[in-house]
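Asks: So I've got this file, model_35.txt, and it contains compact mmCIF, C-alpha atoms:
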```txt
# COMPACT_ATOMS: atom_id res chain seq x y z
CA MET E 1 21.02 27.15 12.78
CA ASP E 2 22.38 23.78 13.85
CA GLU E 3 20.73 20.68 15.21
CA THR E 4 22.06 17.67 17.12
CA VAL E 5 21.47 14.36 15.35
CA ARG E 6 22.77 10.81 15.35
CA TYR E 7 24.52 9.15 12.44
CA THR E 8 24.53 5.35 12.73
CA CYS E 9 27.05 3.20 10.86
CA ARG E 10 27.68 -0.51 10.73
CA LEU E 11 30.80 -1.89 12.44
CA ARG E 12 32.93 -4.84 11.33
CA PRO E 13 34.82 -5.91 14.48
CA GLY E 14 37.32 -8.74 14.26
CA ARG E 15 37.42 -11.68 16.62
CA ILE E 16 39.81 -9.98 19.07
CA ALA E 17 37.96 -6.63 18.95
CA GLN E 18 34.58 -8.30 19.50
CA ALA E 19 35.94 -10.22 22.51
CA ALA E 20 37.30 -6.95 23.94
CA LEU E 21 33.93 -5.22 23.47
CA LEU E 22 32.11 -8.05 25.20
CA ASP E 23 34.58 -7.97 28.11
CA GLU E 24 34.05 -4.23 28.45
CA TRP E 25 30.29 -4.76 28.42
CA GLY E 26 30.68 -7.32 31.23
CA ARG E 27 32.39 -4.73 33.43
CA CYS E 28 29.80 -2.06 32.65
CA ARG E 29 26.98 -4.51 33.29
CA TRP E 30 28.47 -5.33 36.69
CA LEU E 31 28.52 -1.62 37.58
CA TRP E 32 24.91 -1.22 36.47
CA ASN E 33 23.78 -4.13 38.61
CA GLU E 34 25.75 -2.78 41.57
CA ALA E 35 23.97 0.57 41.19
CA VAL E 36 20.61 -1.23 41.12
CA HIS E 37 21.61 -3.04 44.35
CA GLN E 38 22.46 0.30 45.95
CA GLN E 39 19.00 1.61 45.09
CA LYS E 40 17.17 -1.51 46.33
CA THR E 41 18.97 -1.41 49.67
CA GLY E 42 17.76 2.16 50.25
CA ARG E 43 21.12 3.94 49.93
CA LYS E 44 19.73 6.42 47.38
CA PRO E 45 22.69 6.44 44.98
CA THR E 46 23.44 9.69 43.19
CA PHE E 47 25.94 10.06 40.39
CA GLY E 48 28.44 11.54 42.84
CA LYS E 49 28.12 8.59 45.23
CA LEU E 50 28.34 6.10 42.37
CA SER E 51 31.46 7.81 40.99
CA LYS E 52 33.11 7.54 44.41
CA LEU E 53 32.20 3.85 44.60
CA LEU E 54 33.62 3.35 41.10
CA THR E 55 36.95 4.90 42.16
CA GLU E 56 37.13 2.62 45.19
CA ALA E 57 36.18 -0.46 43.16
CA ARG E 58 38.82 0.26 40.51
CA SER E 59 41.47 0.57 43.22
CA ARG E 60 40.53 -2.85 44.65
CA HIS E 61 39.85 -4.90 41.50
CA ALA E 62 42.45 -5.27 38.77
CA TRP E 63 39.94 -6.70 36.29
CA LEU E 64 37.88 -3.50 36.60
CA ARG E 65 40.96 -1.31 36.03
CA GLU E 66 41.60 -3.13 32.77
CA GLY E 67 38.47 -1.54 31.30
CA SER E 68 37.82 2.00 30.13
CA GLN E 69 36.95 4.45 32.87
CA VAL E 70 35.08 6.59 30.34
CA ALA E 71 32.70 3.76 29.40
CA GLN E 72 32.17 2.87 33.06
CA GLN E 73 31.38 6.47 34.02
CA GLN E 74 28.96 6.78 31.11
CA THR E 75 27.20 3.62 32.32
CA LEU E 76 26.66 5.24 35.71
CA ARG E 77 25.44 8.44 34.04
CA THR E 78 22.95 6.44 32.02
CA TYR E 79 21.77 4.71 35.19
CA GLY E 80 21.34 8.06 36.93
CA ALA E 81 19.26 9.40 34.04
CA ALA E 82 17.12 6.25 34.01
CA LEU E 83 16.56 6.50 37.76
CA ALA E 84 15.59 10.18 37.51
CA HIS E 85 13.15 9.44 34.69
CA SER E 86 11.49 6.74 36.78
CA PHE E 87 10.34 9.47 39.20
CA THR E 88 9.33 12.07 36.60
CA VAL E 89 8.11 10.15 33.53
CA LYS E 90 4.75 8.44 33.88
CA GLY E 91 4.87 4.69 33.35
CA ARG E 92 8.68 4.48 33.61
CA GLY E 93 9.75 1.92 36.21
CA ARG E 94 12.92 1.71 38.27
CA PRO E 95 16.07 0.45 36.54
CA LYS E 96 16.35 -3.33 36.67
CA VAL E 97 19.20 -5.78 36.80
CA LYS E 98 20.76 -6.52 33.39
CA ARG E 99 21.10 -10.27 32.98
CA LEU E 100 23.63 -11.71 30.59
CA LYS E 101 21.09 -13.72 28.60
CA ASP E 102 18.60 -10.83 28.27
CA SER E 103 20.58 -7.61 27.83
CA LEU E 104 22.41 -6.56 24.68
CA PRO E 105 25.85 -4.91 24.83
CA THR E 106 25.76 -1.10 24.82
CA LEU E 107 28.84 1.04 25.42
CA GLU E 108 29.07 4.83 25.38
CA TYR E 109 32.22 6.90 24.95
CA THR E 110 32.82 10.64 25.06
CA THR E 111 35.58 12.47 23.19
CA ARG E 112 38.12 11.35 25.81
CA GLY E 113 37.44 7.70 25.06
CA PHE E 114 37.49 7.39 21.27
CA ARG E 115 38.87 8.82 18.08
CA ILE E 116 38.54 8.23 14.35
CA LYS E 117 41.79 7.49 12.54
CA ASP E 118 42.04 6.55 8.87
CA GLY E 119 38.32 5.77 8.77
CA ARG E 120 38.51 3.34 11.70
CA LEU E 121 37.04 3.71 15.19
CA CYS E 122 39.73 3.56 17.87
CA LEU E 123 38.56 2.70 21.40
CA PRO E 124 40.44 2.33 24.69
CA GLY E 125 42.51 -0.80 25.16
CA THR E 126 43.99 -0.64 21.63
CA VAL E 127 40.66 -1.77 20.19
CA THR E 128 40.32 -0.77 16.54
CA VAL E 129 37.11 -1.46 14.62
CA ALA E 130 36.43 -1.02 10.91
CA VAL E 131 33.47 1.25 10.14
CA VAL E 132 31.20 0.94 7.11
CA TRP E 133 30.80 4.63 6.24
CA SER E 134 27.49 5.01 4.43
CA ARG E 135 27.90 8.82 4.49
CA GLU E 136 30.33 11.39 5.79
CA LEU E 137 29.90 12.94 9.22
CA PRO E 138 28.91 16.63 8.99
CA SER E 139 31.10 17.51 11.99
CA GLU E 140 33.38 16.00 14.58
CA PRO E 141 31.37 13.63 16.80
CA THR E 142 31.04 14.53 20.48
CA SER E 143 30.17 11.01 21.64
CA VAL E 144 29.57 7.55 20.25
CA ARG E 145 27.39 4.64 21.29
CA VAL E 146 28.62 1.17 20.32
CA TYR E 147 25.93 -1.50 20.53
CA GLN E 148 24.95 -4.92 19.24
CA ASP E 149 21.51 -5.85 17.91
CA THR E 150 19.61 -9.12 18.27
CA LEU E 151 21.20 -10.52 15.10
CA GLY E 152 24.71 -10.03 16.45
CA HIS E 153 25.53 -7.04 14.23
CA TRP E 154 27.55 -4.20 15.74
CA TYR E 155 26.76 -0.51 15.15
CA ALA E 156 28.23 2.86 16.11
CA SER E 157 25.89 5.81 16.68
CA PHE E 158 27.77 9.14 16.46
CA VAL E 159 26.34 12.35 17.96
CA VAL E 160 27.12 15.21 15.59
CA ARG E 161 25.97 18.73 14.76
CA ARG E 162 24.66 19.67 11.34
CA GLU E 163 23.01 22.66 9.73
CA ILE E 164 19.24 22.63 9.48
CA THR E 165 18.35 22.38 5.81
CA THR E 166 15.23 24.19 4.72
CA ALA E 167 12.67 22.22 2.77
CA PRO E 168 12.35 23.14 -0.92
CA GLU E 169 9.48 25.28 -2.06
CA SER E 170 6.38 23.17 -2.58
CA ASP E 171 4.98 23.04 -6.09
CA SER E 172 1.56 21.72 -4.99
CA PRO E 173 -0.81 23.23 -2.39
CA GLY E 174 -1.85 19.99 -0.70
CA ILE E 175 -2.25 16.23 -0.85
CA GLY E 176 -4.56 13.75 0.84
CA VAL E 177 -3.35 10.31 1.94
CA ASP E 178 -5.68 7.33 2.40
CA TRP E 179 -4.25 4.08 3.82
CA GLY E 180 -5.23 0.73 2.40
CA ILE E 181 -4.19 -2.86 1.85
CA LYS E 182 -4.19 -3.24 -1.93
CA THR E 183 -2.36 0.09 -2.22
CA THR E 184 -0.50 1.03 0.95
CA ALA E 185 -1.03 4.77 0.45
CA ALA E 186 -3.49 6.15 -2.11
CA THR E 187 -3.17 9.90 -2.64
CA THR E 188 -5.05 12.57 -4.53
CA ASP E 189 -2.22 12.55 -7.08
CA PRO E 190 -1.55 9.06 -8.53
CA ALA E 191 2.10 9.98 -9.07
CA PHE E 192 2.66 9.94 -5.30
CA ASP E 193 0.94 6.63 -4.52
CA LEU E 194 2.82 4.06 -2.45
CA PRO E 195 2.04 0.62 -3.91
CA HIS E 196 1.96 -2.54 -1.84
CA LEU E 197 5.39 -4.00 -2.54
CA GLY E 198 5.02 -7.19 -0.48
CA HIS E 199 8.53 -7.56 0.92
CA ARG E 200 7.46 -10.02 3.61
CA ARG E 201 5.52 -12.05 1.09
CA ARG E 202 8.62 -12.47 -1.06
CA CYS E 203 10.52 -13.70 2.00
CA ALA E 204 7.73 -16.06 3.10
CA ALA E 205 9.27 -19.19 1.56
CA GLU E 206 12.66 -18.59 3.16
CA MET E 207 11.01 -17.76 6.48
CA ALA E 208 8.89 -20.93 6.37
CA LYS E 209 11.99 -23.04 5.67
CA ALA E 210 13.80 -21.59 8.70
CA GLN E 211 10.74 -22.08 10.91
CA ARG E 212 10.41 -25.73 9.82
CA THR E 213 14.05 -26.27 10.73
CA MET E 214 13.38 -24.72 14.14
CA ALA E 215 10.41 -27.04 14.67
CA ARG E 216 12.44 -30.15 13.79
CA ARG E 217 15.32 -29.23 16.06
CA ARG E 218 13.35 -27.96 19.02
CA ARG E 219 14.22 -29.81 22.20
CA PRO E 220 11.78 -30.60 25.04
CA LYS E 221 11.14 -27.94 27.65
CA GLY E 222 13.90 -27.75 30.23
CA HIS E 223 16.68 -28.75 27.85
CA ALA E 224 19.19 -26.33 26.36
CA PRO E 225 18.50 -25.50 22.69
CA SER E 226 20.81 -27.14 20.17
CA LYS E 227 23.20 -25.25 17.92
CA GLY E 228 21.09 -26.20 14.91
CA TYR E 229 18.00 -24.68 16.53
CA GLN E 230 19.86 -21.45 17.37
CA THR E 231 21.22 -21.23 13.81
CA ALA E 232 17.73 -21.64 12.33
CA LYS E 233 16.36 -19.08 14.78
CA ARG E 234 18.97 -16.53 13.73
CA GLN E 235 18.21 -17.21 10.08
CA ALA E 236 14.48 -16.59 10.63
CA ALA E 237 15.32 -13.35 12.45
CA ARG E 238 17.54 -12.23 9.57
CA VAL E 239 14.76 -12.78 7.04
CA ALA E 240 12.24 -10.83 9.15
CA THR E 241 14.71 -7.99 9.71
CA LYS E 242 15.52 -7.80 6.00
CA ALA E 243 11.83 -7.36 5.08
CA ALA E 244 11.33 -4.77 7.83
CA ARG E 245 14.31 -2.74 6.63
CA GLN E 246 13.03 -2.80 3.06
CA ASN E 247 9.68 -1.46 4.24
CA THR E 248 11.41 1.25 6.27
CA HIS E 249 13.55 2.31 3.30
CA ASP E 250 10.55 2.51 0.95
CA ALA E 251 8.58 4.51 3.53
CA ARG E 252 11.39 7.02 3.96
CA VAL E 253 11.88 7.56 0.24
CA TRP E 254 8.14 7.95 -0.31
CA ALA E 255 7.64 10.29 2.67
CA LYS E 256 10.49 12.54 1.53
CA ASN E 257 9.02 12.74 -1.97
CA VAL E 258 5.59 13.71 -0.61
CA THR E 259 7.02 16.23 1.86
CA ASP E 260 9.22 17.99 -0.70
CA HIS E 261 6.37 18.73 -3.11
CA HIS E 262 3.38 19.62 -0.90
CA ALA E 263 2.68 22.39 1.60
CA LEU E 264 -0.37 20.71 3.18
CA ILE E 265 -0.38 16.98 4.00
CA ALA E 266 -3.75 15.59 5.08
CA VAL E 267 -3.20 12.13 6.56
CA GLU E 268 -5.89 9.63 7.45
CA ASP E 269 -5.56 8.99 11.19
CA PHE E 270 -5.89 5.27 10.68
CA LYS E 271 -5.15 2.82 13.52
CA PRO E 272 -4.14 -0.51 11.92
CA THR E 273 -4.07 -2.42 15.22
CA PHE E 274 -7.52 -3.95 14.80
CA LEU E 275 -6.44 -5.52 11.49
CA ALA E 276 -4.25 -7.91 13.50
CA ARG E 277 -7.45 -9.64 14.65
CA THR E 278 -8.86 -10.11 11.16
CA THR E 279 -8.12 -12.32 8.18
CA MET E 280 -6.08 -9.46 6.69
CA ALA E 281 -3.52 -9.55 9.52
CA ARG E 282 -0.67 -10.95 7.43
CA LYS E 283 -1.17 -8.60 4.51
CA ALA E 284 -1.63 -5.62 6.84
CA ALA E 285 1.66 -6.44 8.57
CA ASP E 286 3.33 -6.71 5.17
CA ALA E 287 2.03 -3.26 4.20
CA ALA E 288 3.55 -1.67 7.37
CA ILE E 289 0.95 1.10 7.44
CA GLY E 290 1.92 2.26 10.93
CA ALA E 291 5.59 2.72 9.99
CA CYS E 292 4.69 4.64 6.81
CA LYS E 293 2.30 6.90 8.69
CA LYS E 294 4.85 7.65 11.42
CA GLU E 295 7.58 8.42 8.90
CA LEU E 296 5.32 10.76 6.89
CA ILE E 297 4.19 12.71 9.97
CA GLU E 298 7.72 13.06 11.36
CA ARG E 299 9.23 14.21 8.06
CA GLY E 300 6.41 16.61 7.34
CA THR E 301 6.59 18.19 10.79
CA ARG E 302 10.39 18.45 10.65
CA ALA E 303 10.21 20.13 7.23
CA GLY E 304 7.72 22.71 8.50
CA ARG E 305 4.81 21.48 6.41
CA LYS E 306 1.21 21.67 7.55
CA VAL E 307 0.34 18.14 8.70
CA VAL E 308 -3.28 17.36 9.51
CA LEU E 309 -4.63 14.10 10.94
CA VAL E 310 -8.18 13.40 9.77
CA PRO E 311 -10.34 10.70 11.41
CA PRO E 312 -11.15 7.88 8.97
CA ALA E 313 -14.86 7.61 9.77
CA TYR E 314 -17.08 7.92 6.64
CA THR E 315 -14.21 9.00 4.35
CA THR E 316 -14.93 6.15 1.93
CA MET E 317 -18.69 6.68 2.10
CA THR E 318 -18.55 10.44 1.36
CA CYS E 319 -18.47 11.80 -2.17
CA SER E 320 -15.50 14.11 -2.67
CA GLU E 321 -17.31 15.98 -5.47
CA CYS E 322 -20.59 17.00 -3.84
CA GLY E 323 -20.18 15.91 -0.21
CA GLU E 324 -23.13 13.50 -0.22
CA ARG E 325 -22.73 10.51 2.08
CA ALA E 326 -23.84 7.03 1.03
CA ASN E 327 -26.46 5.32 3.14
CA LEU E 328 -24.79 1.90 2.90
CA ARG E 329 -21.19 0.98 3.55
CA LEU E 330 -19.04 -0.23 0.69
CA GLY E 331 -17.81 -3.80 0.85
CA LEU E 332 -14.16 -4.56 0.26
CA GLY E 333 -15.03 -6.15 -3.08
CA ILE E 334 -16.39 -2.84 -4.38
CA ARG E 335 -13.36 -0.91 -5.63
CA THR E 336 -15.25 1.88 -7.44
CA PHE E 337 -17.19 4.63 -5.69
CA GLU E 338 -20.39 5.83 -7.37
CA CYS E 339 -22.29 8.79 -5.99
CA ALA E 340 -26.07 8.40 -6.24
CA ALA E 341 -26.60 12.16 -5.95
CA CYS E 342 -24.27 13.65 -8.59
CA GLY E 343 -23.13 10.55 -10.47
CA TYR E 344 -19.45 11.06 -9.66
CA THR E 345 -17.39 7.89 -10.21
CA ALA E 346 -13.84 7.25 -9.03
CA CYS E 347 -11.61 4.71 -7.37
CA ARG E 348 -12.77 4.29 -3.78
CA ASP E 349 -9.30 4.98 -2.36
CA ARG E 350 -8.81 8.04 -4.57
CA ASN E 351 -12.21 9.37 -3.54
CA ALA E 352 -11.35 8.87 0.14
CA ALA E 353 -8.04 10.71 -0.32
CA ARG E 354 -9.83 13.65 -1.93
CA THR E 355 -12.36 13.67 0.91
CA ILE E 356 -9.54 13.76 3.49
CA LEU E 357 -7.85 16.67 1.70
CA ALA E 358 -11.11 18.61 1.31
CA THR E 359 -11.86 18.21 5.00
CA ALA E 360 -8.43 19.51 6.00
CA GLU E 361 -8.66 22.51 3.66
CA ARG E 362 -12.21 23.37 4.71
CA ASP E 363 -11.42 23.41 8.42
CA ARG E 364 -8.33 25.62 7.99
CA ALA E 365 -6.04 23.28 9.93
CA SER E 366 -3.14 24.63 11.96
CA ALA E 367 0.51 23.77 11.41
CA ASP E 368 0.47 21.26 14.25
CA ASP E 369 -1.13 17.81 14.27
CA VAL E 370 -4.85 18.52 14.58
CA ARG E 371 -7.73 16.10 14.62
CA HIS E 372 -10.83 17.14 12.73
CA LEU E 373 -14.31 15.73 12.88
CA ILE E 374 -15.59 14.36 9.61
CA ALA E 375 -18.92 15.93 8.77
CA SER E 376 -21.04 16.41 5.68
CA PHE E 377 -19.62 18.82 3.12
CA ARG E 378 -22.91 20.59 2.83
CA ASP E 379 -23.19 24.13 4.19
CA GLY E 380 -23.27 24.20 7.95
CA GLY E 381 -22.54 20.49 8.22
CA SER E 382 -22.96 19.47 11.83
CA GLY E 383 -21.69 15.93 11.52
CA ALA E 384 -25.12 14.50 12.37
CA VAL E 385 -25.80 10.97 11.19
CA ARG E 386 -28.06 10.83 8.18
CA ALA E 387 -31.20 8.75 8.15
CA GLY E 388 -30.36 5.18 7.24
CA ASN E 389 -26.73 5.41 8.36
CA PRO E 390 -25.59 2.87 10.92
CA GLY E 391 -24.09 5.60 13.12
CA PRO E 392 -20.75 5.68 14.88
CA GLY E 393 -19.87 2.88 17.20
CA PRO E 394 -17.59 2.82 20.24
CA GLY E 395 -14.70 5.25 19.94
CA GLY E 396 -16.53 7.35 17.33
CA LYS E 397 -16.09 4.83 14.51
CA SER E 398 -18.76 3.46 12.30
CA PRO E 399 -19.51 -0.25 12.75
CA GLY E 400 -19.38 -0.54 9.00
CA PHE E 401 -15.91 1.00 8.84
CA ILE E 402 -14.23 -1.89 10.58
CA ARG E 403 -15.81 -4.42 8.24
CA GLY E 404 -15.94 -2.75 4.89
CA ASP E 405 -14.84 0.88 4.89
CA ARG E 406 -11.34 0.17 3.70
```
Output the file's structure in the form of structure tokens.
Replies:
Amino acid sequence: MDETVRYTCRLRPGRIAQAALLDEWGRCRWLWNEAVHQQKTGRKPTFGKLSKLLTEARSRHAWLREGSQVAQQQTLRTYGAALAHSFTVKGRGRPKVKRLKDSLPTLEYTTRGFRIKDGRLCLPGTVTVAVVWSRELPSEPTSVRVYQDTLGHWYASFVVRREITTAPESDSPGIGVDWGIKTTAATTDPAFDLPHLGHRRRCAAEMAKAQRTMARRRRPKGHAPSKGYQTAKRQAARVATKAARQNTHDARVWAKNVTDHHALIAVEDFKPTFLARTTMARKAADAAIGACKKELIERGTRAGRKVVLVPPAYTTMTCSECGERANLRLGLGIRTFECAACGYTACRDRNAARTILATAERDRASADDVRHLIASFRDGGSGAVRAGNPGPGPGGKSPGFIRGDR
């Protein structure tokens, strides 16, 4: 079986090619704004009506005929899809005007508008762009999207078909994943832990230098920013993007390693948003827990593994050996879990990971993402709060979890 995927590669356009791409984007942006005007005036533009208007506009304006008709038609198709989604997708608003200072260039070409020759991307108007091929395309691309990011880098996203590769046979029945700050992901098997690598912390000095330069060169409100300020702003953005890409790469490598070796993946359904309001906000952002969790769930589901989301309440307070729950929450300074009932001792994160895995295995989770209620491991556990426990707070979470159950 085949699947449709996107392969994204970096582009190295020259000065002339970049100017041609920006000119093409100006024409496509004008068409988009004209389509928005048609909608606001109540003319109910469909793709057929917009295509007819495009033909008339190209016959009247020479500057519009200089551009690629394929890119202009694809802009109108994209507008039509966005307009249709605004009526069917909840929370999706009507397409808005693309202003020059706010919108980033995005051009789409079908097979009639581009070709790959000698490893270079050839676009209409004799525009040839060098491509940084990080990997070979599995098939001939059916379309390409050329766009520019906030740092000014150009990329080409090719739509291709490839064979669906089956995941290798797992050599371990299951693994539990507990999210943390000191260790980003603590698992039941120490060999699959994801340590806190601190990419943003290593870039903190360079980031602070760029931000100080921005502060010195900031002009009063109402005045255009200086070139020195814009240069420092771009430098700060490059540093932040570099750290984010390093986190993304580490998360992908780790998630693939976990997915290839385990049939059942029990993941703590941890929401790191509240950490942004605590003193651990900077370190939590450096750990990128949300990105790691998303990558693990997506790769596990795509590989056909059994992925289970387990609520985090009481996972640190519950003994993974006997199922007894502690009456008092564990402070962040306590890194070792000791069970008062059976005397079991382990790292608090390792114990929580084992508890998450045991809960997923006990409840016989399905292959889809399922949320399970944490309850006592004793026979017939009903999830009732034991005497002396603080009890769950709003949203089903323990008040002690937010403060010290990490």
Asks: For segment 276-290 of chain E, please output as number ranges by chain all residues within 6 Å (counting all atoms listed in the file; exclusion window: fewer than 6 positions along the same chain).
Replies: E: 184, 198, 200
Asks: Give the answer as one residue: which of E:Ala244, E:Ala341, E:Val146, E:Ala313 has the shortest atom-to-atom distance to Tyr7 of chain E, using only C-alpha atoms?
Replies: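 Checking each candidate against Tyr7 of chain E, we get E:Val146 as the closest.
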Asks: I want to know what sits within 7 Å of Ser157 of chain E, based on all atoms listed in the file, with residues of the same chain fewer than 6 positions away left out; could you give that as a list in words?
Replies: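 Those residues are Arg6, Tyr7, Thr8, Cys9, Val144, Arg145 and Val146 of chain E.
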Asks: Please save C-alpha atoms of the selected residues as a tab-separated table (two decimals), keeping the file's coordinate frame.
Replies:
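Printed below is part_0.tsv as written:
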```tsv
chain	number	residue	atom	x	y	z
E	6	ARG	CA	22.77	10.81	15.35
E	7	TYR	CA	24.52	9.15	12.44
E	8	THR	CA	24.53	5.35	12.73
E	9	CYS	CA	27.05	3.20	10.86
E	144	VAL	CA	29.57	7.55	20.25
E	145	ARG	CA	27.39	4.64	21.29
E	146	VAL	CA	28.62	1.17	20.32
```
Asks: Atom CA of Gly343 of chain E to atom CA of Arg329 of chain E: how many Å, to one decimal?
Replies: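 Interatomic distance, atom CA of Gly343 of chain E to atom CA of Arg329 of chain E: 17.1 Å.
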Asks: Which is closest to Ser143 of chain E among E:Val5, E:Val160, E:Ala57, E:Ala204, if we use all atoms listed in the file?
Replies: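 Nearest to Ser143 of chain E: E:Val160.
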